[in-house]
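**Student:** Quick one: this structure, given as structure tokens, is what I'll be asking you about.
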Amino acid sequence: MKPYGLNELREMFLTYFESKGHLRLPSFSLIPSGDKSLLLINSGMAPMKSWFKGIEPPPRVRVTTCQKCVRTGDIENIGKTDRHGTYFEMLGNFSFGDYFKSDAIAFSWEFLTEVVGMEPEKLYPSVYVEDDDAYAIWTDEIGIPDERMTRLGKADNFWEHGAGPCGPCSEIYYDRGEEHGCGSPDCRPGCDCDRFIEIWNNVFTQFDNDGKNNYTELTQKNIDTGMGLERLAVVCQGVKSLFDVDTIMRITNKISEITRAKYGESAKTDTSLRIITDHTRASCMMIADGVLPSNEGRGYVLRRLLRRAARHGRLLGVTEPFLRDVVETVIEVNEGAYPEVRERAEHIFRVVATEEDNFNKTLDNGLEILNNVIANLGTATVIAGDDAFRLYDTYGFPIDLTAELAEERGLTVDTVRFDELMQEQRSRAREARKALGDFAWEGIDFGADTEPTEFVGYESDEIKATITAIIIDGALEDSITDGMRGIIVLDRTPLYAEMGGQVGDKGEIGNGKFITNVDDVKKTKGGKYLHRVVPSSLPDSINKFNVGDAVTVKVSPKYRDAIRRAHSATHLLHSALRNMLGDHVTQAGSLVEPDYLRFDFTNMEAVDTESVEEMVNSWILAGYGIETAEKSVEQAKADGATALFGEKYGDTVRVVTMGGVSMELCGGTHLDNTAKVGSFRIVSEFSVASGVRRIEAITGNKALAAADTDRESLNKIGAALKANTPDEILLKIEQQASELRELRRAAEQTAAQNASDSVKSVDKTAFGAFNVVFLHDVTSDLRQVGDALAVDENIVAVLASRDGDSVKFLAVCGKNAVKNGANAGKLIKQFTPKGGGKPESAMGGGTEIPTDGAEIIIKYLGGL
């Protein structure tokens, strides 16, 4: 069996099933779409539940995928065992009412034995104890002897999850050899030791469970198979654990380079290296799919992974941020299969660097407090829940980290008390949200006579207003003085509050003697606008605002205009996408910031961003007037205005029209002419979920700054190439690329010629119809030398080359030799058990080169 790389195996699997009529789909996002039962996708079939249940029709009755998956149930075992990882890739082939057991089993067997080249005698199938059909297929159709078959019970070989579709499984185990076993004479598939490793699981969905364990046959029977890519690579590469697989080891090697910790030096060091490897790998893929660190849900999973990785860096002696450098290697080994990680690289770098930096500060502060708590325990062995909660609530120290650190010192944490305090905090927060809508200042009661704030920002950028309330540290106050942060509520305001994806305005509140800067605005469910302020005094100021004061409120014109540019451009982008792709495009989310926009929309495929950008800019240059009007919702829709799917609208809506190219219902702030957008530039386009794409774009000053940066880079490239214009630069690059291709071609031809010359004087030993050659110290490329030898159609040769402590073997058989029974795939096993391939050519690895290689070949041929 050839030691295929992980990336090779992925492509081999998908290509094989495409040849069997399966539709290859890209991996779905790790963020489930429309499935609230999962935080993150954790299996190959999870994104296809609606297809399996018949809720939606699949794109084809045969589908194959390699699905990104994250599971954190065994996070405490990560790094300590050879099998556990939070992130993994699941290969799968699926049938929706098409083929069933016979084909599914045949496909799995053919792929493993003929495509991958696994030794059939090392594969042990298992079936559900009552599944005689599957047993008969394995023994009668595939030819597996009874002694290699295993029947397992419901716990191992029957898939079901409560009521609904379910069915028996048939797994394929690979025998890694007695040296991996437990020594028991009863050791066989299903044993807990590491000898028999499960590599493939065929799930035959053929029953419906009514929830009371009454089973009826399904009319449409489905196939759901799964094979862990990393586990397959472990077997193919003959390595001990998933962490020793080629692509994963590249990440570990990078961490070793940074930390100077050697893999294999000690169990403790290996655990830290493995945790950093696994967690960084998972985090990178999660961020690329749109997950951001937070304190709940999937965001907390990401935060926990990043912080565990950062802490284990500390354990290895790293005191400076280092995860960004590890992420670059993660991207390098994954970008071929998942180009979105390279497309989102800068975003991933920022998220990882920010989280690591924040955690380092948290860790330093929290460790000091925790050490004091432990020092005061005396003979006690339990850290109080109140102390653990204080660490979390005041210092941001996660409870799982406190528990982990405690365990390392032989202590435990009173998590029951901690959970009680967390629940009390959540209850207080819920009550606060009820009082203040979506703002979390606790317990504020504005009184029954406090009216909603009147928004007048569509018409005016500067107005007179009256302060109706002041909030400091969650409590209503009569005044606010210089140097204090707080919230000011006004009876009317021109400042837009964050709504509909548009960020809140910035501005000023002043009375001529005292000015406070507004850096954000939110709106409560009761309609009150909450202006978050940072006071800054003028000379000779009174340094104080009081409830009831008359004030002047100003919008920051530059900030507002930059938001207007991005928001108006968002409408043009939406219209351009619908114009180019069709009416199926609908908005699925948006963010509008100064000269930056993020737009999520429904579409299955990637978009030609160059064409979209061109269309939007043409509408900007056209200088269409932008008009707003209030209409009844029925009239607006009748006029053709685009409304957001699922959004609730009142009887009267605000319609924003841009020439004849865009008409949308919108409550945000906009320009009065498309020309004022200035410039529109798309910076990224990628998938965020199944059927949902995301475009990020910049406008105005940010677009101009990006153009300046590009021009500067182009000038530097031109100077390096001694070219003055973009056309000259392109010509020089094409010339150099052509020259490089010619040099490579010449080098390959020279190497091939050298290989051919080197075998002309090789002594061949005649043995029957075969010409036998054994070369034990090949310094040239093995394959090139092998190809040169294979010109002799009667050749049967084995070549060996040493690379440090390891040896590479290549067996080659000429056309006539193969016709006469020689098989390179079988011959290579005479030199190394870690080998395999086709009859014409096979490779393997070992540690020793035999001195009697020619005799071994002749002995093999004599047994034909």
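By order of appearance in the structure tokens: chains A, B, ..., then residues from 1 within every chain, and ligands from 1 in the order shown.
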Tell me, as a ChimeraX atom specification, which residues lie within 9 Å of Val521 (chain A), counting only C-alpha atoms; anything in the same chain fewer than 4 positions away does not count.
**Tutor:** /A:495-498,503-506,529-532
**Student:** Name the residues in contact with Phe359 (chain A) at a cut-off of 8 Å, using only C-alpha atoms, excluding same-chain residues fewer than 4 positions from it; report them as a PyMOL selection string.
**Tutor:** chain A and resi 307+310+355+363
**Student:** Using CA of Val807 (chain A) and CA of Glu848 (chain A) as the two end points, give the distance in Å to one decimal.
**Tutor:**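 Taking CA of Val807 (chain A) as the start and CA of Glu848 (chain A) as the end point, the length is 6.5 Å.
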**Student:** Which is closer to Arg62 (chain A) than all the others in A:Ser33, A:Gln753, A:Thr225, A:Ser102, using only C-alpha atoms?
**Tutor:**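 Under the stated criterion, the closest residue is A:Thr225.
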**Student:** For region 746-748 of chain A, list every protein, DNA or RNA residue within 12 Å, evaluated using only C-alpha atoms, and leave out those in the same chain fewer than 5 positions away; present the list as a list in words.
**Tutor:**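 These residues fall inside the cut-off: Glu739, Leu740, Arg741, Gln753, Asn754, Ala755, Ser780, Asp781 and Gln784 of chain A.
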**Student:** If you count only C-alpha atoms, which residues fall within 9 Å of region 637-644 of chain A, apart from same-chain ones fewer than 6 positions away, as a ChimeraX atom specification?
**Tutor:** /A:586-588,655-657,662-666
**Student:** Given only C-alpha atoms as the basis, pick out the residue of A:Thr65, A:Asn771, A:Ser294, A:Ser758 nearest to Val785 (chain A).
**Tutor:**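 For Val785 (chain A), the nearest of the candidates is A:Ser758.
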**Student:** Here is a test: counting only C-alpha atoms, which residue of A:Arg745, A:Lys240, A:Lys554, A:His347 is nearest to Lys464 (chain A)?
**Tutor:**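 Result for the nearest residue to Lys464 (chain A): A:Lys554.
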**Student:** Mind running region 51-89 of chain A against region 185-206 of chain A at 12 Å and telling me each contacting residue's nearest atom pair with the distance in Å (one decimal), counting only C-alpha atoms, chain and number ascending, as a tab-separated table?
**Tutor:**
```
residue	atom	partner	partner_atom	distance
A:Phe52	CA	A:Thr205	CA	9.1
A:Lys53	CA	A:Thr205	CA	10.7
A:Thr81	CA	A:Asp194	CA	10.9
A:Asp82	CA	A:Asp194	CA	9.4
A:Arg83	CA	A:Asp194	CA	9.5
```
**Student:** Using only C-alpha atoms, find the one residue out of A:Phe770, A:Tyr16, A:Trp138, A:Phe809 that sits nearest to Val796 (chain A).
**Tutor:**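 Ranked by minimum distance to Val796 (chain A), first place goes to A:Phe770.
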